[in-house]
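Enquirer: What follows is the file run17.txt, containing compact mmCIF, N, CA and C atoms:
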# COMPACT_ATOMS: atom_id res chain seq x y z
N MET O 1 -17.31 -5.30 -8.37
CA MET O 1 -17.33 -4.33 -7.30
C MET O 1 -16.29 -4.68 -6.23
N ILE O 2 -16.08 -5.96 -6.00
CA ILE O 2 -15.09 -6.37 -5.00
C ILE O 2 -13.70 -5.92 -5.42
N ALA O 3 -13.41 -5.98 -6.70
CA ALA O 3 -12.10 -5.53 -7.19
C ALA O 3 -11.92 -4.03 -6.92
N CYS O 4 -12.96 -3.26 -7.13
CA CYS O 4 -12.89 -1.81 -6.88
C CYS O 4 -12.68 -1.52 -5.41
N LEU O 5 -13.35 -2.28 -4.55
CA LEU O 5 -13.16 -2.11 -3.10
C LEU O 5 -11.75 -2.52 -2.68
N GLY O 6 -11.22 -3.54 -3.32
CA GLY O 6 -9.84 -3.94 -3.06
C GLY O 6 -8.87 -2.84 -3.48
N LEU O 7 -9.13 -2.22 -4.61
CA LEU O 7 -8.31 -1.09 -5.06
C LEU O 7 -8.40 0.06 -4.07
N PHE O 8 -9.62 0.39 -3.64
CA PHE O 8 -9.84 1.45 -2.65
C PHE O 8 -9.03 1.15 -1.39
N ALA O 9 -9.12 -0.07 -0.88
CA ALA O 9 -8.41 -0.44 0.36
C ALA O 9 -6.90 -0.37 0.17
N SER O 10 -6.40 -0.85 -0.96
CA SER O 10 -4.95 -0.81 -1.18
C SER O 10 -4.47 0.63 -1.31
N ALA O 11 -5.27 1.49 -1.94
CA ALA O 11 -4.90 2.90 -2.09
C ALA O 11 -4.93 3.60 -0.74
N LEU O 12 -5.91 3.28 0.09
CA LEU O 12 -6.00 3.89 1.42
C LEU O 12 -4.79 3.50 2.26
N ILE O 13 -4.49 2.21 2.30
CA ILE O 13 -3.36 1.73 3.10
C ILE O 13 -2.05 2.29 2.56
N ALA O 14 -1.92 2.35 1.24
CA ALA O 14 -0.68 2.85 0.63
C ALA O 14 -0.40 4.30 0.99
N ALA O 15 -1.43 5.07 1.27
CA ALA O 15 -1.25 6.49 1.59
C ALA O 15 -0.91 6.72 3.05
N THR O 16 -1.08 5.70 3.87
CA THR O 16 -0.69 5.84 5.27
C THR O 16 0.78 5.46 5.39
N VAL O 17 1.28 5.41 6.59
CA VAL O 17 2.69 5.06 6.79
C VAL O 17 2.93 3.57 6.64
N LEU O 18 1.90 2.78 6.36
CA LEU O 18 2.05 1.34 6.13
C LEU O 18 2.41 1.09 4.67
N PRO O 19 3.26 0.11 4.40
CA PRO O 19 3.65 -0.15 3.01
C PRO O 19 2.56 -0.90 2.23
N MET O 20 2.31 -0.47 1.02
CA MET O 20 1.34 -1.11 0.14
C MET O 20 1.56 -0.55 -1.26
N GLN O 21 1.21 -1.33 -2.27
CA GLN O 21 1.39 -0.90 -3.65
C GLN O 21 0.04 -0.81 -4.37
N SER O 22 -0.60 0.32 -4.29
CA SER O 22 -1.88 0.48 -4.98
C SER O 22 -1.69 0.60 -6.49
N GLU O 23 -0.53 1.06 -6.92
CA GLU O 23 -0.28 1.22 -8.35
C GLU O 23 -0.35 -0.12 -9.06
N ALA O 24 0.21 -1.15 -8.46
CA ALA O 24 0.18 -2.48 -9.07
C ALA O 24 -1.25 -3.00 -9.18
N VAL O 25 -2.05 -2.74 -8.16
CA VAL O 25 -3.45 -3.15 -8.19
C VAL O 25 -4.19 -2.42 -9.31
N LEU O 26 -3.98 -1.11 -9.41
CA LEU O 26 -4.64 -0.33 -10.47
C LEU O 26 -4.23 -0.82 -11.85
N VAL O 27 -2.95 -1.02 -12.06
CA VAL O 27 -2.48 -1.48 -13.38
C VAL O 27 -3.09 -2.83 -13.72
N GLY O 28 -3.13 -3.73 -12.76
CA GLY O 28 -3.73 -5.04 -13.00
C GLY O 28 -5.20 -4.94 -13.40
N LEU O 29 -5.93 -4.09 -12.71
CA LEU O 29 -7.35 -3.91 -13.03
C LEU O 29 -7.53 -3.21 -14.38
N LEU O 30 -6.67 -2.26 -14.69
CA LEU O 30 -6.75 -1.59 -15.99
C LEU O 30 -6.49 -2.58 -17.12
N LEU O 31 -5.49 -3.42 -16.95
CA LEU O 31 -5.15 -4.38 -17.99
C LEU O 31 -6.22 -5.45 -18.15
N GLY O 32 -6.95 -5.73 -17.07
CA GLY O 32 -8.03 -6.70 -17.14
C GLY O 32 -9.23 -6.21 -17.94
N GLU O 33 -9.33 -4.92 -18.11
CA GLU O 33 -10.37 -4.27 -18.92
C GLU O 33 -11.79 -4.67 -18.54
N ALA O 34 -12.02 -5.07 -17.29
CA ALA O 34 -13.36 -5.46 -16.86
C ALA O 34 -14.08 -4.33 -16.14
N HIS O 35 -13.37 -3.23 -15.89
CA HIS O 35 -13.95 -2.13 -15.11
C HIS O 35 -13.75 -0.80 -15.84
N SER O 36 -14.63 0.11 -15.56
CA SER O 36 -14.52 1.46 -16.12
C SER O 36 -13.26 2.14 -15.61
N VAL O 37 -12.51 2.72 -16.52
CA VAL O 37 -11.30 3.45 -16.15
C VAL O 37 -11.63 4.59 -15.19
N VAL O 38 -12.71 5.29 -15.48
CA VAL O 38 -13.11 6.42 -14.63
C VAL O 38 -13.38 5.95 -13.21
N TRP O 39 -14.14 4.87 -13.06
CA TRP O 39 -14.44 4.38 -11.71
C TRP O 39 -13.20 3.87 -11.00
N LEU O 40 -12.30 3.24 -11.71
CA LEU O 40 -11.05 2.80 -11.08
C LEU O 40 -10.27 4.00 -10.56
N LEU O 41 -10.22 5.06 -11.36
CA LEU O 41 -9.52 6.28 -10.93
C LEU O 41 -10.21 6.92 -9.73
N VAL O 42 -11.52 6.90 -9.71
CA VAL O 42 -12.27 7.46 -8.57
C VAL O 42 -11.99 6.65 -7.30
N PHE O 43 -12.05 5.32 -7.38
CA PHE O 43 -11.81 4.49 -6.21
C PHE O 43 -10.38 4.64 -5.71
N ALA O 44 -9.42 4.63 -6.63
CA ALA O 44 -8.01 4.74 -6.23
C ALA O 44 -7.74 6.11 -5.60
N THR O 45 -8.21 7.16 -6.24
CA THR O 45 -7.96 8.51 -5.72
C THR O 45 -8.64 8.72 -4.38
N THR O 46 -9.88 8.31 -4.26
CA THR O 46 -10.61 8.48 -3.00
C THR O 46 -9.92 7.74 -1.86
N GLY O 47 -9.55 6.50 -2.11
CA GLY O 47 -8.85 5.73 -1.08
C GLY O 47 -7.54 6.36 -0.68
N ASN O 48 -6.78 6.82 -1.67
CA ASN O 48 -5.47 7.41 -1.39
C ASN O 48 -5.59 8.73 -0.65
N VAL O 49 -6.57 9.54 -1.01
CA VAL O 49 -6.79 10.82 -0.31
C VAL O 49 -7.23 10.56 1.13
N LEU O 50 -8.12 9.59 1.33
CA LEU O 50 -8.55 9.28 2.70
C LEU O 50 -7.39 8.73 3.53
N GLY O 51 -6.50 7.97 2.92
CA GLY O 51 -5.30 7.52 3.63
C GLY O 51 -4.42 8.68 4.04
N SER O 52 -4.29 9.66 3.17
CA SER O 52 -3.53 10.87 3.51
C SER O 52 -4.23 11.66 4.61
N LEU O 53 -5.55 11.63 4.60
CA LEU O 53 -6.30 12.29 5.67
C LEU O 53 -6.01 11.63 7.02
N VAL O 54 -5.86 10.32 7.03
CA VAL O 54 -5.46 9.62 8.26
C VAL O 54 -4.12 10.17 8.74
N ASN O 55 -3.17 10.34 7.83
CA ASN O 55 -1.86 10.91 8.19
C ASN O 55 -2.01 12.32 8.75
N TRP O 56 -2.84 13.13 8.12
CA TRP O 56 -3.07 14.51 8.59
C TRP O 56 -3.63 14.48 10.01
N LEU O 57 -4.58 13.60 10.25
CA LEU O 57 -5.16 13.47 11.60
C LEU O 57 -4.13 13.00 12.61
N LEU O 58 -3.29 12.04 12.20
CA LEU O 58 -2.20 11.61 13.08
C LEU O 58 -1.29 12.77 13.42
N GLY O 59 -1.00 13.58 12.42
CA GLY O 59 -0.17 14.76 12.65
C GLY O 59 -0.80 15.74 13.62
N CYS O 60 -2.12 15.90 13.52
CA CYS O 60 -2.81 16.82 14.43
C CYS O 60 -2.66 16.43 15.89
N PHE O 61 -2.54 15.14 16.15
CA PHE O 61 -2.47 14.65 17.52
C PHE O 61 -1.08 14.15 17.92
N ALA O 62 -0.15 14.13 16.98
CA ALA O 62 1.16 13.51 17.21
C ALA O 62 1.96 14.17 18.32
N LEU O 63 1.97 15.48 18.37
CA LEU O 63 2.84 16.17 19.32
C LEU O 63 2.45 15.93 20.78
N ARG O 64 1.26 15.43 21.00
CA ARG O 64 0.86 15.07 22.37
C ARG O 64 1.74 13.96 22.93
N PHE O 65 2.36 13.20 22.05
CA PHE O 65 3.11 12.02 22.47
C PHE O 65 4.61 12.15 22.22
N GLN O 66 5.09 13.32 21.85
CA GLN O 66 6.49 13.45 21.44
C GLN O 66 7.49 13.18 22.56
N ASN O 67 7.11 13.24 23.79
CA ASN O 67 8.05 12.97 24.88
C ASN O 67 8.05 11.51 25.33
N ARG O 68 7.33 10.68 24.63
CA ARG O 68 7.30 9.24 24.95
C ARG O 68 8.49 8.55 24.27
N ARG O 69 8.97 7.50 24.91
CA ARG O 69 10.13 6.77 24.38
C ARG O 69 9.86 6.19 22.99
N TRP O 70 8.64 5.77 22.74
CA TRP O 70 8.30 5.09 21.50
C TRP O 70 8.02 6.06 20.35
N PHE O 71 8.00 7.36 20.62
CA PHE O 71 7.69 8.32 19.57
C PHE O 71 8.72 8.18 18.44
N PRO O 72 8.27 8.10 17.17
CA PRO O 72 9.17 7.75 16.07
C PRO O 72 10.12 8.84 15.58
N ALA O 73 10.02 10.06 16.09
CA ALA O 73 10.89 11.13 15.59
C ALA O 73 11.48 11.91 16.77
N SER O 74 12.74 12.26 16.62
CA SER O 74 13.38 13.07 17.66
C SER O 74 12.93 14.53 17.51
N GLU O 75 13.22 15.32 18.52
CA GLU O 75 12.87 16.73 18.45
C GLU O 75 13.60 17.42 17.30
N ASP O 76 14.86 17.03 17.08
CA ASP O 76 15.64 17.59 15.98
C ASP O 76 15.02 17.24 14.62
N GLN O 77 14.59 16.00 14.47
CA GLN O 77 13.95 15.58 13.22
C GLN O 77 12.66 16.37 12.98
N LEU O 78 11.90 16.58 14.03
CA LEU O 78 10.67 17.36 13.91
C LEU O 78 10.95 18.80 13.50
N HIS O 79 11.99 19.39 14.09
CA HIS O 79 12.34 20.77 13.75
C HIS O 79 12.79 20.89 12.30
N ARG O 80 13.58 19.91 11.84
CA ARG O 80 14.03 19.92 10.44
C ARG O 80 12.85 19.78 9.48
N ALA O 81 11.94 18.85 9.81
CA ALA O 81 10.77 18.64 8.96
C ALA O 81 9.88 19.88 8.94
N GLU O 82 9.71 20.50 10.10
CA GLU O 82 8.90 21.71 10.18
C GLU O 82 9.53 22.85 9.38
N ALA O 83 10.84 22.99 9.49
CA ALA O 83 11.53 24.05 8.74
C ALA O 83 11.40 23.81 7.24
N TRP O 84 11.53 22.56 6.82
CA TRP O 84 11.39 22.23 5.40
C TRP O 84 9.98 22.56 4.93
N TYR O 85 8.98 22.15 5.69
CA TYR O 85 7.59 22.39 5.29
C TYR O 85 7.30 23.89 5.25
N ARG O 86 7.78 24.61 6.24
CA ARG O 86 7.55 26.06 6.25
C ARG O 86 8.27 26.74 5.08
N ARG O 87 9.42 26.21 4.71
CA ARG O 87 10.17 26.80 3.59
C ARG O 87 9.43 26.64 2.27
N TYR O 88 8.92 25.44 2.01
CA TYR O 88 8.26 25.17 0.74
C TYR O 88 6.75 25.37 0.80
N GLY O 89 6.20 25.43 1.99
CA GLY O 89 4.80 25.75 2.16
C GLY O 89 3.83 24.66 1.75
N ARG O 90 2.59 25.04 1.76
CA ARG O 90 1.51 24.10 1.48
C ARG O 90 1.60 23.51 0.08
N TRP O 91 2.25 24.23 -0.84
CA TRP O 91 2.35 23.73 -2.22
C TRP O 91 3.18 22.45 -2.30
N SER O 92 3.97 22.20 -1.26
CA SER O 92 4.73 20.95 -1.23
C SER O 92 3.80 19.74 -1.16
N LEU O 93 2.55 19.96 -0.75
CA LEU O 93 1.58 18.86 -0.72
C LEU O 93 1.28 18.31 -2.11
N LEU O 94 1.61 19.07 -3.15
CA LEU O 94 1.47 18.54 -4.50
C LEU O 94 2.45 17.39 -4.74
N GLY O 95 3.42 17.25 -3.86
CA GLY O 95 4.35 16.13 -3.90
C GLY O 95 3.94 14.99 -2.98
N SER O 96 2.72 15.03 -2.48
CA SER O 96 2.26 13.99 -1.55
C SER O 96 2.17 12.62 -2.21
N TRP O 97 2.21 12.57 -3.52
CA TRP O 97 2.16 11.29 -4.23
C TRP O 97 3.54 10.62 -4.30
N LEU O 98 4.58 11.36 -3.98
CA LEU O 98 5.94 10.84 -4.12
C LEU O 98 6.25 9.75 -3.10
N PRO O 99 7.00 8.74 -3.51
CA PRO O 99 7.44 7.73 -2.56
C PRO O 99 8.38 8.34 -1.51
N ILE O 100 8.40 7.79 -0.36
CA ILE O 100 9.29 8.14 0.76
C ILE O 100 8.91 9.47 1.41
N VAL O 101 8.80 10.56 0.65
CA VAL O 101 8.54 11.87 1.26
C VAL O 101 7.06 12.24 1.33
N GLY O 102 6.22 11.61 0.54
CA GLY O 102 4.82 11.99 0.48
C GLY O 102 4.07 11.78 1.79
N ASP O 103 4.24 10.63 2.41
CA ASP O 103 3.53 10.36 3.66
C ASP O 103 3.97 11.29 4.78
N PRO O 104 5.28 11.48 5.00
CA PRO O 104 5.69 12.43 6.04
C PRO O 104 5.19 13.86 5.77
N LEU O 105 5.08 14.24 4.50
CA LEU O 105 4.54 15.57 4.17
C LEU O 105 3.12 15.72 4.70
N THR O 106 2.32 14.69 4.52
CA THR O 106 0.92 14.78 4.97
C THR O 106 0.82 14.77 6.49
N VAL O 107 1.72 14.07 7.15
CA VAL O 107 1.75 14.09 8.62
C VAL O 107 2.16 15.49 9.10
N MET O 108 3.20 16.04 8.48
CA MET O 108 3.67 17.37 8.88
C MET O 108 2.60 18.43 8.64
N ALA O 109 1.82 18.28 7.59
CA ALA O 109 0.72 19.21 7.34
C ALA O 109 -0.27 19.19 8.50
N GLY O 110 -0.49 18.02 9.07
CA GLY O 110 -1.36 17.92 10.23
C GLY O 110 -0.74 18.53 11.47
N ILE O 111 0.54 18.27 11.68
CA ILE O 111 1.25 18.84 12.83
C ILE O 111 1.19 20.36 12.79
N LEU O 112 1.37 20.92 11.59
CA LEU O 112 1.38 22.38 11.44
C LEU O 112 -0.01 22.96 11.19
N ARG O 113 -1.02 22.12 11.31
CA ARG O 113 -2.41 22.55 11.23
C ARG O 113 -2.77 23.22 9.89
N GLU O 114 -2.28 22.60 8.81
CA GLU O 114 -2.69 23.08 7.48
C GLU O 114 -4.22 22.99 7.43
N PRO O 115 -4.89 24.03 6.97
CA PRO O 115 -6.36 23.97 6.91
C PRO O 115 -6.82 22.75 6.11
N LEU O 116 -7.82 22.07 6.64
CA LEU O 116 -8.27 20.81 6.04
C LEU O 116 -8.71 20.99 4.59
N TRP O 117 -9.43 22.05 4.28
CA TRP O 117 -9.92 22.23 2.91
C TRP O 117 -8.77 22.38 1.92
N MET O 118 -7.73 23.11 2.32
CA MET O 118 -6.57 23.30 1.43
C MET O 118 -5.79 21.99 1.31
N PHE O 119 -5.63 21.30 2.43
CA PHE O 119 -4.96 20.00 2.43
C PHE O 119 -5.66 19.05 1.45
N LEU O 120 -6.98 18.93 1.59
CA LEU O 120 -7.72 18.00 0.73
C LEU O 120 -7.65 18.41 -0.74
N LEU O 121 -7.71 19.69 -1.01
CA LEU O 121 -7.64 20.17 -2.40
C LEU O 121 -6.30 19.80 -3.03
N LEU O 122 -5.20 20.14 -2.38
CA LEU O 122 -3.88 19.89 -2.95
C LEU O 122 -3.55 18.41 -3.04
N VAL O 123 -3.90 17.67 -2.01
CA VAL O 123 -3.61 16.23 -2.01
C VAL O 123 -4.46 15.52 -3.07
N THR O 124 -5.70 15.94 -3.23
CA THR O 124 -6.55 15.33 -4.25
C THR O 124 -6.00 15.59 -5.65
N ILE O 125 -5.55 16.80 -5.90
CA ILE O 125 -4.94 17.12 -7.20
C ILE O 125 -3.71 16.23 -7.43
N ALA O 126 -2.88 16.10 -6.43
CA ALA O 126 -1.65 15.31 -6.56
C ALA O 126 -1.95 13.83 -6.78
N LYS O 127 -2.83 13.28 -5.96
CA LYS O 127 -3.12 11.84 -6.05
C LYS O 127 -3.87 11.51 -7.35
N ALA O 128 -4.85 12.32 -7.70
CA ALA O 128 -5.59 12.08 -8.94
C ALA O 128 -4.67 12.19 -10.14
N GLY O 129 -3.79 13.19 -10.12
CA GLY O 129 -2.84 13.36 -11.22
C GLY O 129 -1.94 12.17 -11.39
N ARG O 130 -1.45 11.64 -10.29
CA ARG O 130 -0.57 10.47 -10.38
C ARG O 130 -1.30 9.28 -10.97
N TYR O 131 -2.51 8.99 -10.48
CA TYR O 131 -3.26 7.84 -11.00
C TYR O 131 -3.67 8.05 -12.45
N LEU O 132 -3.96 9.28 -12.82
CA LEU O 132 -4.32 9.57 -14.21
C LEU O 132 -3.14 9.31 -15.14
N VAL O 133 -1.95 9.76 -14.75
CA VAL O 133 -0.75 9.52 -15.56
C VAL O 133 -0.45 8.02 -15.64
N LEU O 134 -0.60 7.32 -14.52
CA LEU O 134 -0.37 5.88 -14.51
C LEU O 134 -1.36 5.16 -15.43
N ALA O 135 -2.62 5.55 -15.36
CA ALA O 135 -3.63 4.93 -16.23
C ALA O 135 -3.33 5.23 -17.69
N ALA O 136 -2.98 6.47 -17.98
CA ALA O 136 -2.67 6.85 -19.37
C ALA O 136 -1.48 6.06 -19.89
N ALA O 137 -0.46 5.92 -19.08
CA ALA O 137 0.71 5.16 -19.52
C ALA O 137 0.36 3.69 -19.69
N THR O 138 -0.42 3.16 -18.79
CA THR O 138 -0.81 1.75 -18.86
C THR O 138 -1.64 1.48 -20.10
N LEU O 139 -2.51 2.37 -20.42
CA LEU O 139 -3.40 2.16 -21.56
C LEU O 139 -2.84 2.75 -22.85
N SER O 140 -1.57 3.12 -22.82
CA SER O 140 -0.86 3.63 -24.00
C SER O 140 -1.47 4.92 -24.57
N TRP O 141 -1.99 5.74 -23.68
CA TRP O 141 -2.50 7.03 -24.11
C TRP O 141 -1.35 8.01 -24.28
N ILE O 142 -0.26 7.71 -23.62
CA ILE O 142 0.91 8.57 -23.68
C ILE O 142 1.97 7.88 -24.52
N GLY O 143 2.60 8.65 -25.38
CA GLY O 143 3.72 8.24 -26.19
C GLY O 143 3.83 6.80 -26.37
The structure given in the file should be rewritten as structure tokens.
Expert:
Amino acid sequence: MIACLGLFASALIAATVLPMQSEAVLVGLLLGEAHSVVWLLVFATTGNVLGSLVNWLLGCFALRFQNRRWFPASEDQLHRAEAWYRRYGRWSLLGSWLPIVGDPLTVMAGILREPLWMFLLLVTIAKAGRYLVLAAATLSWIG
């Protein structure tokens, strides 16, 4: 159970703006064959979705601080990100699993007040899909 909680924590942290590699933890646990694949996928997905929810919440409150010196994005950067998100819409959240762009996508969804139910639905599909493909590849279910 401690290993599953470690996977959950690494997946949660990995989905926030902090660096972490939940994929390596999942692969290690899968190769150890001591845990149910289904439960590992549930723990990883749940942690990763909750981490993205943290980003969404940060986005909801971020603009309150945009005029502070320490704010991490300029007004121009925010406008570009907003234009990009509006261009591709909520379906871009299916890319929330992607490195580099996934975390900012979830923050921008919060800034633009993407409805929580839609956010959770799309992000869960994306995160679960990524972990499922990783598990399948690790366990040689694919090619």
Enquirer: Would you work out the distance separating atom CA of Trp117 of chain O from atom CA of Phe43 of chain O, expressed in Å to one decimal?
Expert: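 Atom-to-atom, atom CA of Trp117 of chain O to atom CA of Phe43 of chain O, that is 20.0 Å.
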Enquirer: In Å to one decimal, how far is atom N of Leu121 of chain O from atom CA of Leu41 of chain O?
Expert: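 Separation between atom CA of Leu41 of chain O and atom N of Leu121 of chain O: 16.8 Å.
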Enquirer: Have a look at O:Thr138, O:Ser36, O:Ser74, O:Ser52 and name the one nearest to Trp97 of chain O; count only C-alpha atoms.
Expert: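 Selected residue with least distance to Trp97 of chain O: O:Ser52.
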Enquirer: Distance cut-off 5 Å, centre (0.5, 17.0, 13.7) in file coordinates, counting only N, CA and C atoms: which residues qualify? Return them as a list in words.
Expert: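 With a cut-off of 5 Å, the residues come to Leu58, Gly59, Cys60, Phe61, Ala62, Gly110, Ile111 and Leu112 of chain O.
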Enquirer: Which of these residues is nearest to Ile125 of chain O, using all atoms listed in the file: O:Ala83, O:Ala137, O:Phe71, O:Leu94?
Expert: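 Using all atoms listed in the file, the shortest distance to Ile125 of chain O belongs to O:Leu94.
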Enquirer: In Å, with one decimal, what is the gap from atom CA of Ala15 of chain O to atom CA of Leu57 of chain O?
Expert: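 Between these atoms lies a distance of 12.8 Å.
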Enquirer: So which residues touch Met108 of chain O within 9 Å, counting only C-alpha atoms, skipping near sequence neighbours fewer than 2 positions away, as a tab-separated table (two decimals) with N, CA and C atoms, keeping the file's coordinate frame?
Expert:
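File produced: around30.tsv:
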chain	number	residue	atom	x	y	z
O	55	ASN	N	-3.17	10.34	7.83
O	55	ASN	CA	-1.86	10.91	8.19
O	55	ASN	C	-2.01	12.32	8.75
O	56	TRP	N	-2.84	13.13	8.12
O	56	TRP	CA	-3.07	14.51	8.59
O	56	TRP	C	-3.63	14.48	10.01
O	59	GLY	N	-1.00	13.58	12.42
O	59	GLY	CA	-0.17	14.76	12.65
O	59	GLY	C	-0.80	15.74	13.62
O	60	CYS	N	-2.12	15.90	13.52
O	60	CYS	CA	-2.81	16.82	14.43
O	60	CYS	C	-2.66	16.43	15.89
O	78	LEU	N	11.90	16.58	14.03
O	78	LEU	CA	10.67	17.36	13.91
O	78	LEU	C	10.95	18.80	13.50
O	81	ALA	N	11.94	18.85	9.81
O	81	ALA	CA	10.77	18.64	8.96
O	81	ALA	C	9.88	19.88	8.94
O	82	GLU	N	9.71	20.50	10.10
O	82	GLU	CA	8.90	21.71	10.18
O	82	GLU	C	9.53	22.85	9.38
O	85	TYR	N	8.98	22.15	5.69
O	85	TYR	CA	7.59	22.39	5.29
O	85	TYR	C	7.30	23.89	5.25
O	103	ASP	N	4.24	10.63	2.41
O	103	ASP	CA	3.53	10.36	3.66
O	103	ASP	C	3.97	11.29	4.78
O	104	PRO	N	5.28	11.48	5.00
O	104	PRO	CA	5.69	12.43	6.04
O	104	PRO	C	5.19	13.86	5.77
O	105	LEU	N	5.08	14.24	4.50
O	105	LEU	CA	4.54	15.57	4.17
O	105	LEU	C	3.12	15.72	4.70
O	106	THR	N	2.32	14.69	4.52
O	106	THR	CA	0.92	14.78	4.97
O	106	THR	C	0.82	14.77	6.49
O	110	GLY	N	-0.49	18.02	9.07
O	110	GLY	CA	-1.36	17.92	10.23
O	110	GLY	C	-0.74	18.53	11.47
O	111	ILE	N	0.54	18.27	11.68
O	111	ILE	CA	1.25	18.84	12.83
O	111	ILE	C	1.19	20.36	12.79
O	112	LEU	N	1.37	20.92	11.59
O	112	LEU	CA	1.38	22.38	11.44
O	112	LEU	C	-0.01	22.96	11.19
O	113	ARG	N	-1.02	22.12	11.31
O	113	ARG	CA	-2.41	22.55	11.23
O	113	ARG	C	-2.77	23.22	9.89
O	114	GLU	N	-2.28	22.60	8.81
O	114	GLU	CA	-2.69	23.08	7.48
O	114	GLU	C	-4.22	22.99	7.43
Enquirer: Which is closest to Thr124 of chain O among O:Trp84, O:Thr46, O:Ser140, O:Gln77, if we use all atoms listed in the file?
Expert: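 Looking only at the distances to Thr124 of chain O, the closest residue turns out to be O:Thr46.
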Enquirer: Within segment 21-140 of chain O, find each residue whose DSSP state, derived from the backbone, is alpha helix (DSSP H), and express the selection as a ChimeraX atom specification.
Expert: /O:22-32,37-62,75-88,102-111,116-138
Enquirer: Would you write out, as a tab-separated table, a table of all residues in segment 2-105 of chain O that have an atom no more than 8 Å from an atom of segment 128-133 of chain O, listing for each the closest atom pair and the distance in Å to one decimal, considering only N, CA and C atoms and ordering rows by chain and rising residue number?
Expert:
residue	atom	partner	partner_atom	distance
O:Glu23	CA	O:Tyr131	CA	7.7
O:Leu40	C	O:Tyr131	C	8.0
O:Leu41	CA	O:Tyr131	C	6.3
O:Val42	N	O:Ala128	CA	7.9
O:Ala44	C	O:Ala128	N	7.2
O:Thr45	CA	O:Ala128	N	5.3
O:Thr46	N	O:Ala128	N	7.3
O:Asn48	C	O:Ala128	N	7.9
O:Val49	N	O:Ala128	N	7.4
O:Trp97	CA	O:Arg130	CA	6.8
